[in-house]
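Just final_9.txt here, compact mmCIF, C-alpha atoms:
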# COMPACT_ATOMS: atom_id res chain seq x y z
CA MET J 1 -36.47 115.93 -20.82
CA LEU J 2 -33.02 117.32 -20.18
CA THR J 3 -32.44 120.98 -20.93
CA PHE J 4 -29.39 123.20 -20.67
CA ASN J 5 -28.11 126.45 -22.12
CA GLN J 6 -24.43 125.71 -22.27
CA TYR J 7 -22.50 122.79 -23.68
CA ARG J 8 -18.78 122.53 -23.14
CA LYS J 9 -16.59 119.96 -24.79
CA VAL J 10 -13.65 120.26 -22.46
CA THR J 11 -10.03 120.07 -23.51
CA SER J 12 -8.67 118.95 -20.15
CA LEU J 13 -9.79 117.13 -17.05
CA GLU J 14 -8.91 120.21 -15.00
CA GLU J 15 -11.36 122.27 -17.03
CA ALA J 16 -14.03 119.61 -16.50
CA TYR J 17 -13.28 119.44 -12.79
CA GLU J 18 -13.55 123.19 -12.33
CA LEU J 19 -16.86 123.34 -14.19
CA ASN J 20 -18.14 120.36 -12.24
CA GLN J 21 -17.67 122.09 -8.88
CA LYS J 22 -20.74 124.19 -9.61
CA LYS J 23 -23.79 122.27 -8.53
CA ALA J 24 -25.89 123.22 -11.55
CA ASN J 25 -23.33 121.80 -13.99
CA LYS J 26 -23.23 118.12 -14.84
CA ILE J 27 -20.90 115.79 -16.68
CA ILE J 28 -22.79 113.92 -19.36
CA GLY J 29 -21.80 110.37 -20.18
CA GLY J 30 -24.11 108.56 -22.57
CA MET J 31 -26.89 110.80 -21.18
CA LEU J 32 -29.37 107.92 -21.38
CA TRP J 33 -30.41 107.83 -17.75
CA MET J 34 -29.85 111.52 -17.13
CA LYS J 35 -32.27 112.42 -19.89
CA MET J 36 -35.04 110.24 -18.48
CA GLY J 37 -36.01 112.75 -15.81
CA ALA J 38 -37.24 116.29 -16.30
CA ARG J 39 -34.33 118.47 -15.34
CA ASN J 40 -32.60 121.64 -16.24
CA ILE J 41 -28.86 121.89 -15.77
CA GLY J 42 -26.44 124.77 -16.22
CA THR J 43 -23.58 123.57 -18.34
CA ALA J 44 -23.40 120.10 -19.84
CA ILE J 45 -19.78 119.02 -19.53
CA ASP J 46 -18.64 116.67 -22.28
CA LEU J 47 -15.51 114.56 -21.82
CA SER J 48 -15.70 113.04 -25.30
CA GLY J 49 -12.79 115.09 -26.65
CA LEU J 50 -10.22 113.69 -24.22
CA GLY J 51 -9.53 110.35 -25.88
CA LEU J 52 -11.05 108.51 -22.94
CA ASP J 53 -13.15 106.23 -25.12
CA LYS J 54 -10.64 103.42 -25.40
CA ILE J 55 -9.72 100.18 -23.70
CA GLU J 56 -6.02 99.64 -23.25
CA GLU J 57 -4.87 96.14 -22.49
CA LYS J 58 -1.60 95.97 -20.60
CA GLU J 59 0.30 92.97 -19.32
CA ASP J 60 -1.32 93.06 -15.89
CA GLU J 61 -4.47 95.14 -16.33
CA PHE J 62 -7.14 96.60 -18.56
CA SER J 63 -7.42 100.36 -18.46
CA ILE J 64 -10.87 101.45 -19.63
CA GLY J 65 -11.52 105.13 -20.36
CA CYS J 66 -14.72 106.50 -18.84
CA MET J 67 -16.22 107.34 -22.23
CA THR J 68 -15.80 103.80 -23.55
CA SER J 69 -19.15 102.57 -24.83
CA LEU J 70 -20.77 99.50 -23.34
CA ARG J 71 -20.71 98.02 -26.83
CA ASP J 72 -16.92 98.36 -27.06
CA LEU J 73 -16.65 96.73 -23.66
CA GLU J 74 -18.85 93.88 -24.86
CA LEU J 75 -16.80 93.30 -28.01
CA HIS J 76 -13.31 93.58 -26.51
CA PRO J 77 -11.53 90.27 -27.19
CA GLY J 78 -9.15 90.62 -24.22
CA LEU J 79 -11.94 91.26 -21.71
CA ASP J 80 -14.00 88.49 -23.24
CA ALA J 81 -11.13 86.01 -22.88
CA TYR J 82 -10.21 87.14 -19.36
CA THR J 83 -13.79 86.84 -18.10
CA GLY J 84 -14.61 83.69 -20.07
CA GLY J 85 -17.47 85.48 -21.82
CA ALA J 86 -18.99 86.86 -18.59
CA MET J 87 -18.33 90.50 -19.53
CA ARG J 88 -20.23 90.07 -22.77
CA GLU J 89 -23.02 88.20 -21.00
CA SER J 90 -23.43 91.05 -18.51
CA LEU J 91 -23.87 93.59 -21.29
CA ARG J 92 -25.64 91.94 -24.18
CA HIS J 93 -29.09 92.08 -22.58
CA ILE J 94 -28.95 95.84 -21.97
CA VAL J 95 -31.62 97.28 -24.30
CA GLY J 96 -30.03 97.05 -27.76
CA VAL J 97 -26.87 97.58 -29.78
CA GLN J 98 -27.79 101.21 -30.53
CA PHE J 99 -28.24 101.91 -26.82
CA ARG J 100 -24.95 100.24 -25.91
CA ASN J 101 -23.13 102.26 -28.59
CA VAL J 102 -24.24 105.39 -26.72
CA ALA J 103 -24.07 104.31 -23.05
CA THR J 104 -20.68 104.78 -21.40
CA VAL J 105 -18.92 102.74 -18.76
CA GLY J 106 -18.15 105.90 -16.78
CA GLY J 107 -21.81 106.90 -16.70
CA SER J 108 -22.90 103.42 -15.66
CA ILE J 109 -20.37 103.08 -12.87
CA PHE J 110 -20.48 106.66 -11.60
CA GLY J 111 -24.26 106.44 -11.24
CA ARG J 112 -23.96 103.39 -8.96
CA PHE J 113 -27.46 102.53 -10.06
CA GLY J 114 -29.39 99.80 -8.33
CA PHE J 115 -30.39 98.25 -11.64
CA SER J 116 -26.84 98.14 -12.99
CA ASP J 117 -25.58 95.00 -14.67
CA VAL J 118 -22.32 96.84 -15.27
CA LEU J 119 -21.59 97.59 -11.61
CA THR J 120 -22.52 94.00 -10.70
CA MET J 121 -20.05 92.65 -13.25
CA PHE J 122 -17.16 94.92 -12.25
CA LEU J 123 -17.65 94.17 -8.56
CA ALA J 124 -16.98 90.53 -9.36
CA LEU J 125 -13.57 91.46 -10.81
CA ASP J 126 -10.48 92.91 -9.16
CA SER J 127 -11.45 96.36 -10.35
CA TYR J 128 -10.83 99.99 -9.41
CA VAL J 129 -11.88 103.43 -10.48
CA GLU J 130 -9.43 106.22 -11.12
CA LEU J 131 -10.84 109.51 -9.86
CA TYR J 132 -9.33 112.79 -11.01
CA LYS J 133 -8.77 114.08 -7.49
CA GLY J 134 -9.50 111.01 -5.40
CA GLY J 135 -6.96 108.75 -7.07
CA ILE J 136 -7.45 105.02 -7.40
CA VAL J 137 -10.23 103.53 -5.30
CA SER J 138 -11.39 99.92 -5.26
CA MET J 139 -14.75 99.31 -6.91
CA ASP J 140 -16.45 98.14 -3.73
CA GLN J 141 -15.25 101.22 -1.86
CA PHE J 142 -16.42 103.42 -4.72
CA ALA J 143 -19.82 101.71 -4.79
CA ALA J 144 -20.27 102.64 -1.14
CA MET J 145 -19.19 106.28 -1.54
CA GLU J 146 -21.65 109.14 -1.83
CA ARG J 147 -21.80 110.90 -5.18
CA ASP J 148 -19.50 113.90 -5.25
CA ASN J 149 -18.06 116.36 -7.76
CA ASP J 150 -14.97 114.37 -8.64
CA ILE J 151 -14.50 112.87 -12.10
CA LEU J 152 -14.35 109.17 -12.85
CA VAL J 153 -11.53 109.03 -15.41
CA ARG J 154 -10.95 105.32 -15.92
CA VAL J 155 -11.99 101.91 -14.74
CA ILE J 156 -9.11 99.55 -14.11
CA VAL J 157 -9.39 95.78 -14.12
CA LYS J 158 -6.39 93.91 -12.74
CA LYS J 159 -5.68 90.60 -14.42
CA THR J 160 -5.84 88.76 -11.14
CA PRO J 161 -6.38 85.04 -11.78
CA LEU J 162 -10.07 84.28 -11.40
CA SER J 163 -12.94 82.61 -13.10
CA VAL J 164 -16.29 84.31 -13.25
CA ALA J 165 -19.83 83.59 -14.38
CA TYR J 166 -22.58 86.16 -14.98
CA LEU J 167 -26.31 85.52 -14.97
CA SER J 168 -29.37 87.72 -14.85
CA HIS J 169 -33.08 87.26 -14.80
CA ARG J 170 -35.34 89.57 -16.76
CA ASN J 171 -39.11 89.56 -17.04
CA THR J 172 -38.73 90.35 -20.70
CA LYS J 173 -35.81 90.79 -23.07
CA THR J 174 -34.07 94.19 -22.96
CA ASP J 175 -35.73 95.19 -19.67
CA PHE J 176 -33.87 95.97 -16.46
CA PRO J 177 -32.90 92.81 -14.58
CA VAL J 178 -35.07 91.53 -11.74
CA ILE J 179 -31.86 90.12 -10.28
CA ALA J 180 -28.31 90.32 -11.60
CA CYS J 181 -25.72 87.88 -10.32
CA ALA J 182 -22.01 87.34 -10.79
CA VAL J 183 -20.09 84.55 -9.10
CA ALA J 184 -16.29 84.63 -9.06
CA GLN J 185 -13.74 82.13 -7.90
CA THR J 186 -10.67 84.01 -6.76
CA GLU J 187 -7.49 83.16 -4.89
CA GLN J 188 -9.21 84.47 -1.74
CA GLY J 189 -12.22 82.21 -2.22
CA VAL J 190 -15.59 82.47 -3.91
CA LYS J 191 -17.71 85.60 -3.93
CA ALA J 192 -21.16 86.32 -5.25
CA VAL J 193 -22.25 89.78 -6.37
CA ILE J 194 -25.96 90.48 -6.39
CA GLY J 195 -27.36 93.48 -8.24
CA ALA J 196 -30.83 94.81 -9.04
CA ARG J 197 -32.04 93.50 -5.69
CA PRO J 198 -33.29 96.25 -6.47
CA TYR J 199 -30.69 98.08 -4.40
CA LYS J 200 -27.11 98.74 -5.41
CA ALA J 201 -25.05 95.61 -6.03
CA CYS J 202 -23.36 94.02 -3.02
CA ILE J 203 -20.74 91.34 -2.47
CA VAL J 204 -21.13 88.20 -0.37
CA TRP J 205 -18.01 86.11 0.26
CA ASP J 206 -18.11 82.43 1.08
CA ASN J 207 -17.01 83.12 4.65
CA ASP J 208 -18.37 79.77 5.86
CA ASP J 209 -16.16 77.84 3.41
CA ILE J 210 -19.20 76.16 1.91
CA LEU J 211 -17.38 75.66 -1.39
CA LYS J 212 -13.96 74.94 0.08
CA GLU J 213 -14.15 71.25 -0.71
CA GLY J 214 -15.09 71.96 -4.29
CA ILE J 215 -18.21 72.76 -6.24
CA SER J 216 -20.86 70.07 -6.29
CA LEU J 217 -24.58 70.41 -6.79
CA GLU J 218 -25.03 70.28 -3.00
CA SER J 219 -22.37 72.85 -2.17
CA ALA J 220 -23.58 75.13 -4.99
CA LYS J 221 -27.13 74.92 -3.62
CA ALA J 222 -25.92 75.58 -0.09
CA PHE J 223 -23.95 78.64 -1.18
CA GLY J 224 -27.04 79.91 -3.05
CA GLU J 225 -29.03 79.68 0.17
CA TYR J 226 -26.24 81.32 2.13
CA VAL J 227 -26.10 84.26 -0.28
CA ALA J 228 -29.89 84.64 -0.30
CA ASP J 229 -29.81 84.75 3.53
CA HIS J 230 -27.16 87.47 3.51
CA VAL J 231 -28.59 89.79 0.87
CA LYS J 232 -31.33 92.28 1.59
CA THR J 233 -33.88 92.37 -1.21
CA GLY J 234 -36.80 94.67 -1.87
CA SER J 235 -39.96 94.79 -3.93
CA ASN J 236 -40.77 96.98 -6.91
CA MET J 237 -42.85 96.73 -10.09
CA ARG J 238 -40.52 94.04 -11.48
CA GLY J 239 -40.76 91.60 -8.62
CA SER J 240 -41.30 91.05 -4.91
CA LYS J 241 -38.50 90.69 -2.40
CA GLU J 242 -39.47 87.05 -1.85
CA TYR J 243 -39.21 86.35 -5.58
CA ARG J 244 -35.82 88.07 -5.73
CA SER J 245 -34.50 86.08 -2.79
CA HIS J 246 -35.64 82.91 -4.50
CA LEU J 247 -33.95 83.95 -7.74
CA ILE J 248 -30.72 84.61 -5.85
CA LYS J 249 -30.65 80.99 -4.68
CA VAL J 250 -31.15 79.72 -8.22
CA LEU J 251 -28.77 82.05 -10.02
CA VAL J 252 -25.96 81.69 -7.48
CA ARG J 253 -26.31 77.91 -7.62
CA ARG J 254 -26.17 77.98 -11.43
CA GLY J 255 -23.25 80.42 -11.40
CA CYS J 256 -21.30 78.09 -9.10
CA GLN J 257 -22.09 75.18 -11.38
CA VAL J 258 -20.76 77.11 -14.37
CA LEU J 259 -17.56 77.77 -12.40
CA GLY J 260 -17.46 74.08 -11.56
CA GLY J 261 -17.30 73.27 -15.25
CA GLU J 262 -20.95 72.75 -16.16
CA GLN J 263 -21.06 75.10 -19.09
CA ASN J 264 -24.78 74.50 -19.59
CA ALA J 265 -25.77 75.03 -15.97
CA ASN J 266 -27.43 78.25 -16.98
CA MET D 1 -23.56 127.12 -31.19
CA GLN D 2 -22.39 126.06 -34.62
CA ILE D 3 -21.85 122.49 -35.79
CA LYS D 4 -20.39 121.14 -39.01
CA LEU D 5 -20.99 117.58 -40.02
CA GLU D 6 -21.50 115.28 -42.95
CA LEU D 7 -25.15 114.26 -43.24
CA ASN D 8 -25.87 111.56 -45.81
CA GLY D 9 -22.75 112.47 -47.74
CA LYS D 10 -23.41 116.23 -47.76
CA LYS D 11 -21.54 118.80 -45.72
CA VAL D 12 -23.88 120.67 -43.41
CA THR D 13 -23.21 123.69 -41.21
CA ALA D 14 -25.91 124.73 -38.78
CA GLU D 15 -26.63 126.86 -35.75
CA ILE D 16 -28.18 124.78 -32.98
CA GLU D 17 -29.26 125.10 -29.38
CA ALA D 18 -26.81 123.52 -26.94
CA ASP D 19 -29.27 120.85 -25.83
CA MET D 20 -30.66 119.93 -29.23
CA LEU D 21 -30.88 116.20 -29.80
CA LEU D 22 -29.55 114.62 -32.96
CA LEU D 23 -33.04 113.30 -33.73
CA ASP D 24 -34.52 116.79 -33.83
CA PHE D 25 -31.55 118.10 -35.78
CA VAL D 26 -31.74 115.56 -38.61
CA ARG D 27 -35.48 116.22 -38.89
CA THR D 28 -34.77 119.94 -39.39
CA GLN D 29 -32.60 118.78 -42.28
CA GLY D 30 -35.51 116.92 -43.88
CA CYS D 31 -34.70 113.43 -42.65
CA TYR D 32 -38.24 112.53 -41.60
CA SER D 33 -37.61 108.78 -41.49
CA VAL D 34 -36.02 109.40 -38.08
CA LYS D 35 -38.80 109.38 -35.50
CA ARG D 36 -39.38 109.49 -31.78
CA GLY D 37 -41.17 106.34 -30.73
CA CYS D 38 -40.81 105.82 -27.02
CA GLU D 39 -38.92 108.72 -25.41
CA THR D 40 -37.25 106.19 -23.08
CA ALA D 41 -34.30 105.06 -25.26
CA ASN D 42 -35.86 101.63 -25.75
CA CYS D 43 -37.62 101.33 -29.09
CA GLY D 44 -34.84 101.82 -31.66
CA LEU D 45 -37.03 103.85 -34.02
CA CYS D 46 -34.67 106.83 -33.95
CA THR D 47 -31.62 104.78 -35.05
CA VAL D 48 -29.08 106.62 -37.20
CA PHE D 49 -25.44 105.84 -37.93
CA LEU D 50 -22.87 108.06 -36.25
CA ASP D 51 -19.52 107.39 -37.92
CA ASP D 52 -21.12 104.18 -39.25
CA LYS D 53 -22.21 102.88 -35.85
CA PRO D 54 -25.92 102.62 -35.06
CA VAL D 55 -26.92 104.95 -32.21
CA LEU D 56 -30.13 106.23 -30.66
CA SER D 57 -30.47 109.76 -32.01
CA CYS D 58 -33.11 110.50 -29.34
CA SER D 59 -30.35 110.25 -26.73
CA THR D 60 -27.41 111.74 -28.61
CA LEU D 61 -26.67 115.44 -28.57
CA ALA D 62 -26.49 117.09 -31.98
CA ALA D 63 -23.40 118.84 -30.57
CA ARG D 64 -21.69 115.47 -30.32
CA ALA D 65 -22.13 114.95 -34.07
CA ASP D 66 -19.91 117.97 -34.75
CA GLY D 67 -17.11 116.99 -37.13
CA ARG D 68 -18.58 113.54 -37.65
CA LYS D 69 -20.55 111.58 -40.22
CA VAL D 70 -24.28 110.99 -39.75
CA THR D 71 -26.28 108.63 -41.95
CA THR D 72 -30.05 108.21 -41.94
CA LEU D 73 -32.30 105.99 -44.00
CA GLU D 74 -32.54 108.82 -46.53
CA GLY D 75 -28.86 108.30 -47.29
CA LEU D 76 -29.16 104.55 -47.79
CA GLN D 77 -32.06 104.38 -50.20
CA GLU D 78 -30.72 101.71 -52.53
CA GLU D 79 -29.50 99.38 -49.80
CA ALA D 80 -32.70 99.92 -47.81
CA ALA D 81 -34.99 99.29 -50.78
CA GLU D 82 -33.23 96.05 -51.66
CA PHE D 83 -33.54 94.68 -48.12
CA GLY D 84 -36.93 96.25 -47.38
CA ALA D 85 -38.52 94.38 -50.30
CA PHE D 86 -37.92 91.11 -48.44
CA ILE D 87 -39.63 92.43 -45.33
CA ALA D 88 -42.57 93.63 -47.45
CA ASP D 89 -42.74 90.24 -49.20
CA GLN D 90 -43.47 88.62 -45.87
CA GLY D 91 -46.09 91.20 -45.01
CA ALA D 92 -44.03 91.43 -41.87
CA GLU D 93 -45.25 94.79 -40.68
CA GLN D 94 -48.71 96.15 -40.20
CA CYS D 95 -48.45 99.85 -39.43
CA GLY D 96 -44.84 100.22 -40.55
CA PHE D 97 -43.99 102.85 -37.94
CA CYS D 98 -40.99 100.88 -36.63
CA ASN D 99 -39.66 100.16 -40.11
CA PRO D 100 -37.04 102.92 -40.58
CA GLY D 101 -35.24 102.14 -37.31
CA PHE D 102 -35.51 98.43 -37.93
CA ILE D 103 -34.05 98.69 -41.44
CA MET D 104 -31.20 100.91 -40.21
CA ASN D 105 -30.23 98.47 -37.50
CA ALA D 106 -30.57 95.45 -39.78
CA LEU D 107 -28.22 97.14 -42.25
CA ALA D 108 -25.80 97.81 -39.38
CA LEU D 109 -25.99 94.11 -38.50
CA PHE D 110 -25.20 93.02 -42.08
CA ARG D 111 -22.21 95.37 -42.17
CA GLU D 112 -20.85 94.00 -38.91
CA ASN D 113 -21.77 90.38 -39.55
CA PRO D 114 -22.66 89.68 -43.21
CA TYR D 115 -24.23 86.25 -42.57
CA PRO D 116 -25.69 86.19 -39.06
CA ASP D 117 -27.51 83.12 -37.76
CA GLU D 118 -30.96 83.34 -36.17
CA GLU D 119 -29.68 83.87 -32.64
CA GLU D 120 -27.30 86.59 -33.79
CA ILE D 121 -30.13 88.31 -35.65
CA LYS D 122 -32.40 88.22 -32.61
CA GLU D 123 -29.67 89.51 -30.32
CA TYR D 124 -28.63 92.36 -32.59
CA LEU D 125 -32.17 93.50 -33.30
CA ALA D 126 -33.50 93.11 -29.75
CA GLY D 127 -33.49 96.88 -29.34
CA ASN D 128 -35.94 97.43 -32.20
CA LEU D 129 -39.48 97.11 -30.96
CA CYS D 130 -42.53 96.38 -33.11
CA ARG D 131 -45.90 96.53 -31.41
CA CYS D 132 -47.93 95.01 -34.26
CA SER D 133 -46.06 91.81 -34.97
CA GLY D 134 -44.39 88.91 -33.20
CA TYR D 135 -41.20 89.50 -35.22
CA GLU D 136 -41.62 86.19 -37.07
CA GLY D 137 -42.28 87.85 -40.40
CA GLN D 138 -39.27 90.10 -40.01
CA LEU D 139 -37.11 87.10 -39.17
CA ARG D 140 -38.34 85.21 -42.25
CA GLY D 141 -37.70 88.30 -44.36
CA ILE D 142 -34.14 88.65 -43.07
CA LEU D 143 -33.37 84.97 -43.67
CA ALA D 144 -34.81 85.18 -47.20
CA PHE D 145 -32.70 88.29 -47.85
CA LEU D 146 -29.56 86.52 -46.63
CA GLU D 147 -30.28 83.59 -48.96
CA TYR D 148 -30.71 85.98 -51.85
CA LYS D 149 -27.49 87.80 -50.96
CA LYS D 150 -25.60 84.54 -50.78
CA SER D 151 -26.85 83.33 -54.15
CA LYS D 152 -26.07 86.70 -55.68
CA GLU D 153 -22.53 86.54 -54.36
CA GLN D 154 -22.09 82.97 -55.55
CA LYS D 155 -23.09 84.02 -59.05
CA GLY D 156 -20.50 86.77 -58.76
CA GLU D 157 -22.99 89.55 -59.35

Output the structure of this file as structure tokens.
Amino acid sequence: MLTFNQYRKVTSLEEAYELNQKKANKIIGGMLWMKMGARNIGTAIDLSGLGLDKIEEKEDEFSIGCMTSLRDLELHPGLDAYTGGAMRESLRHIVGVQFRNVATVGGSIFGRFGFSDVLTMFLALDSYVELYKGGIVSMDQFAAMERDNDILVRVIVKKTPLSVAYLSHRNTKTDFPVIACAVAQTEQGVKAVIGARPYKACIVWDNDDILKEGISLESAKAFGEYVADHVKTGSNMRGSKEYRSHLIKVLVRRGCQVLGGEQNAN
Amino acid sequence: MQIKLELNGKKVTAEIEADMLLLDFVRTQGCYSVKRGCETANCGLCTVFLDDKPVLSCSTLAARADGRKVTTLEGLQEEAAEFGAFIADQGAEQCGFCNPGFIMNALALFRENPYPDEEEIKEYLAGNLCRCSGYEGQLRGILAFLEYKKSKEQKGE
């Protein structure tokens, strides 16, 4: 249970930033994960009055306010078209519609949670976070940073040409993933992003040019094995590290096949 | 702190604690259909509409409802009774504990997508858990309701 004595719906980012410098105070996003533990905080800082709950599509990028709900992200026609349905696929298995109407993209990304489908998906894209003091930082850099008292204001997705596929394996519907996987073909080559391993999502590039000659069943399989060899997995109540490493091979192979044009590979 | 909101069409002003959850608030206002099922934001039993969107009231601050519109099953009696009869016809539920959240989210689905197919129904309602049934009865009830709605519309009623 989450308890606090003060609630402040801030009227500026500066106000939020100042409040957030005190360790006891916390910014609340959707509050879904934060409320799962027993904790008492000083002031709950609410950014919902700052108009940061919208997705703006520009010619060369999407600018996504931190308070945008996962449901709005899932239903955005521009993001759906740009990602070929992968954005929606990465979100639609997260609990339920009511949950996704509450959960925010800022909360999901700022938490850098190991279980996160959202972080896995954004790492596959040419994406950035805009921090109030820290400026614009690439998503992979941000994922590696320690949590601090800055504010994640927006997530930016550049419309860099790419194709992307998203797959996850769950023991049961609406549960956390056992493995989350995104595969993206970019101008720099192919990369796989593996989340829920159960550690924080990480990127593996096709540095051995396994897929350079094109995607075939053989090359897709080989890349799956390569990724599984380069990703550290661990065990928890949802699955063993061996099982996860096996799933990585399968999901990366299927993801490559989807990119290769086999729409039903998954 | 003070909040002002519209609850089931009525204007309400109330003094609340800063960390009060919307679920607990609507229950203080007599909306007992809204219940806490799981405490882990997974079961969907506490579903209410916030500005017409279904949300988990167990994970939403009452403070965030300030200036907004909140709807619970108590405010949708007619719509709920019409649809609920089809669920009852199938004997879909045993204990009925999950029913209010399920009905709320089904009504949200029909508003967003008036004639969903089976896959769309399953996807939209995945966040409403029922521990008695295998969801088959609910699915039959929904499909029967959609048939009824369609025939009613065709007759121009």

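Our summary of the geometry notes that CA of Asn207 in chain J is positioned 18.6 Å from CA of Gly260 in chain J.
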
(request) Would you please work out which residue, of J:Glu187, J:Glu74, J:Glu61, J:Asp117, is nearest to Lys159 in chain J when using only C-alpha atoms? (result) J:Glu61

(message) Applying 12 Å and all atoms listed in the file, which residues near Glu112 in chain D remain after dropping the ones on its own chain fewer than 5 positions away? List them as an MDAnalysis selection string.
(response) (chainID J and resid 75 97) or (chainID D and resid 52:54 105:107 120:121 124)

(request) To one decimal in Å, tell me the separation between CA of Leu251 in chain J and CA of Met237 in chain J. (result)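 Separation of CA of Leu251 in chain J and CA of Met237 in chain J: 20.3 Å.
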
Who sits within 9 Å of Ser33 in chain D, all atoms listed in the file, same chain under 3 positions skipped, as a PDB file with C-alpha atoms, in the coordinates of the input:
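Contents of the output file part37.pdb:
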ATOM      1  CA  ARG D  27     -35.480 116.220 -38.890  1.00  0.00           C
ATOM      2  CA  GLY D  30     -35.510 116.920 -43.880  1.00  0.00           C
ATOM      3  CA  LEU D  45     -37.030 103.850 -34.020  1.00  0.00           C
ATOM      4  CA  CYS D  46     -34.670 106.830 -33.950  1.00  0.00           C
ATOM      5  CA  THR D  72     -30.050 108.210 -41.940  1.00  0.00           C
ATOM      6  CA  LEU D  73     -32.300 105.990 -44.000  1.00  0.00           C
ATOM      7  CA  GLU D  74     -32.540 108.820 -46.530  1.00  0.00           C
ATOM      8  CA  ASN D  99     -39.660 100.160 -40.110  1.00  0.00           C
ATOM      9  CA  PRO D 100     -37.040 102.920 -40.580  1.00  0.00           C
ATOM     10  CA  GLY D 101     -35.240 102.140 -37.310  1.00  0.00           C
TER      11      GLY D 101
END

(request) Could you give me, as an MDAnalysis selection string, the residues within 9 Å of range 10-25 of chain J, counting only C-alpha atoms and dropping anything in the same chain fewer than 3 positions from it? (result) chainID J and resid 40:50 132:133 149:151 153

(message) Should the cut-off be 6 Å, what would the residue list for chain D against chain J look like, counting all atoms listed in the file, as a PyMOL selection string?
(response) chain D and resi 18-19+54-56+59+126-127

(message) Which residues are close to Asp208 in chain J, i.e. within 10 Å by all atoms listed in the file, leaving aside same-chain residues fewer than 4 positions away? Reply as a PyMOL selection string.
(response) chain J and resi 212+223+226

Which residues are close to Phe86 in chain D, i.e. within 10 Å by only C-alpha atoms, leaving aside same-chain residues fewer than 6 positions away? Reply as a PDB file with C-alpha atoms, in the frame of the given file.
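This is the output file around30.pdb:
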ATOM      1  CA  ALA D  92     -44.030  91.430 -41.870  1.00  0.00           C
ATOM      2  CA  GLY D 137     -42.280  87.850 -40.400  1.00  0.00           C
ATOM      3  CA  GLN D 138     -39.270  90.100 -40.010  1.00  0.00           C
ATOM      4  CA  ARG D 140     -38.340  85.210 -42.250  1.00  0.00           C
ATOM      5  CA  GLY D 141     -37.700  88.300 -44.360  1.00  0.00           C
ATOM      6  CA  ILE D 142     -34.140  88.650 -43.070  1.00  0.00           C
ATOM      7  CA  LEU D 143     -33.370  84.970 -43.670  1.00  0.00           C
ATOM      8  CA  ALA D 144     -34.810  85.180 -47.200  1.00  0.00           C
ATOM      9  CA  PHE D 145     -32.700  88.290 -47.850  1.00  0.00           C
ATOM     10  CA  LEU D 146     -29.560  86.520 -46.630  1.00  0.00           C
ATOM     11  CA  TYR D 148     -30.710  85.980 -51.850  1.00  0.00           C
TER      12      TYR D 148
END
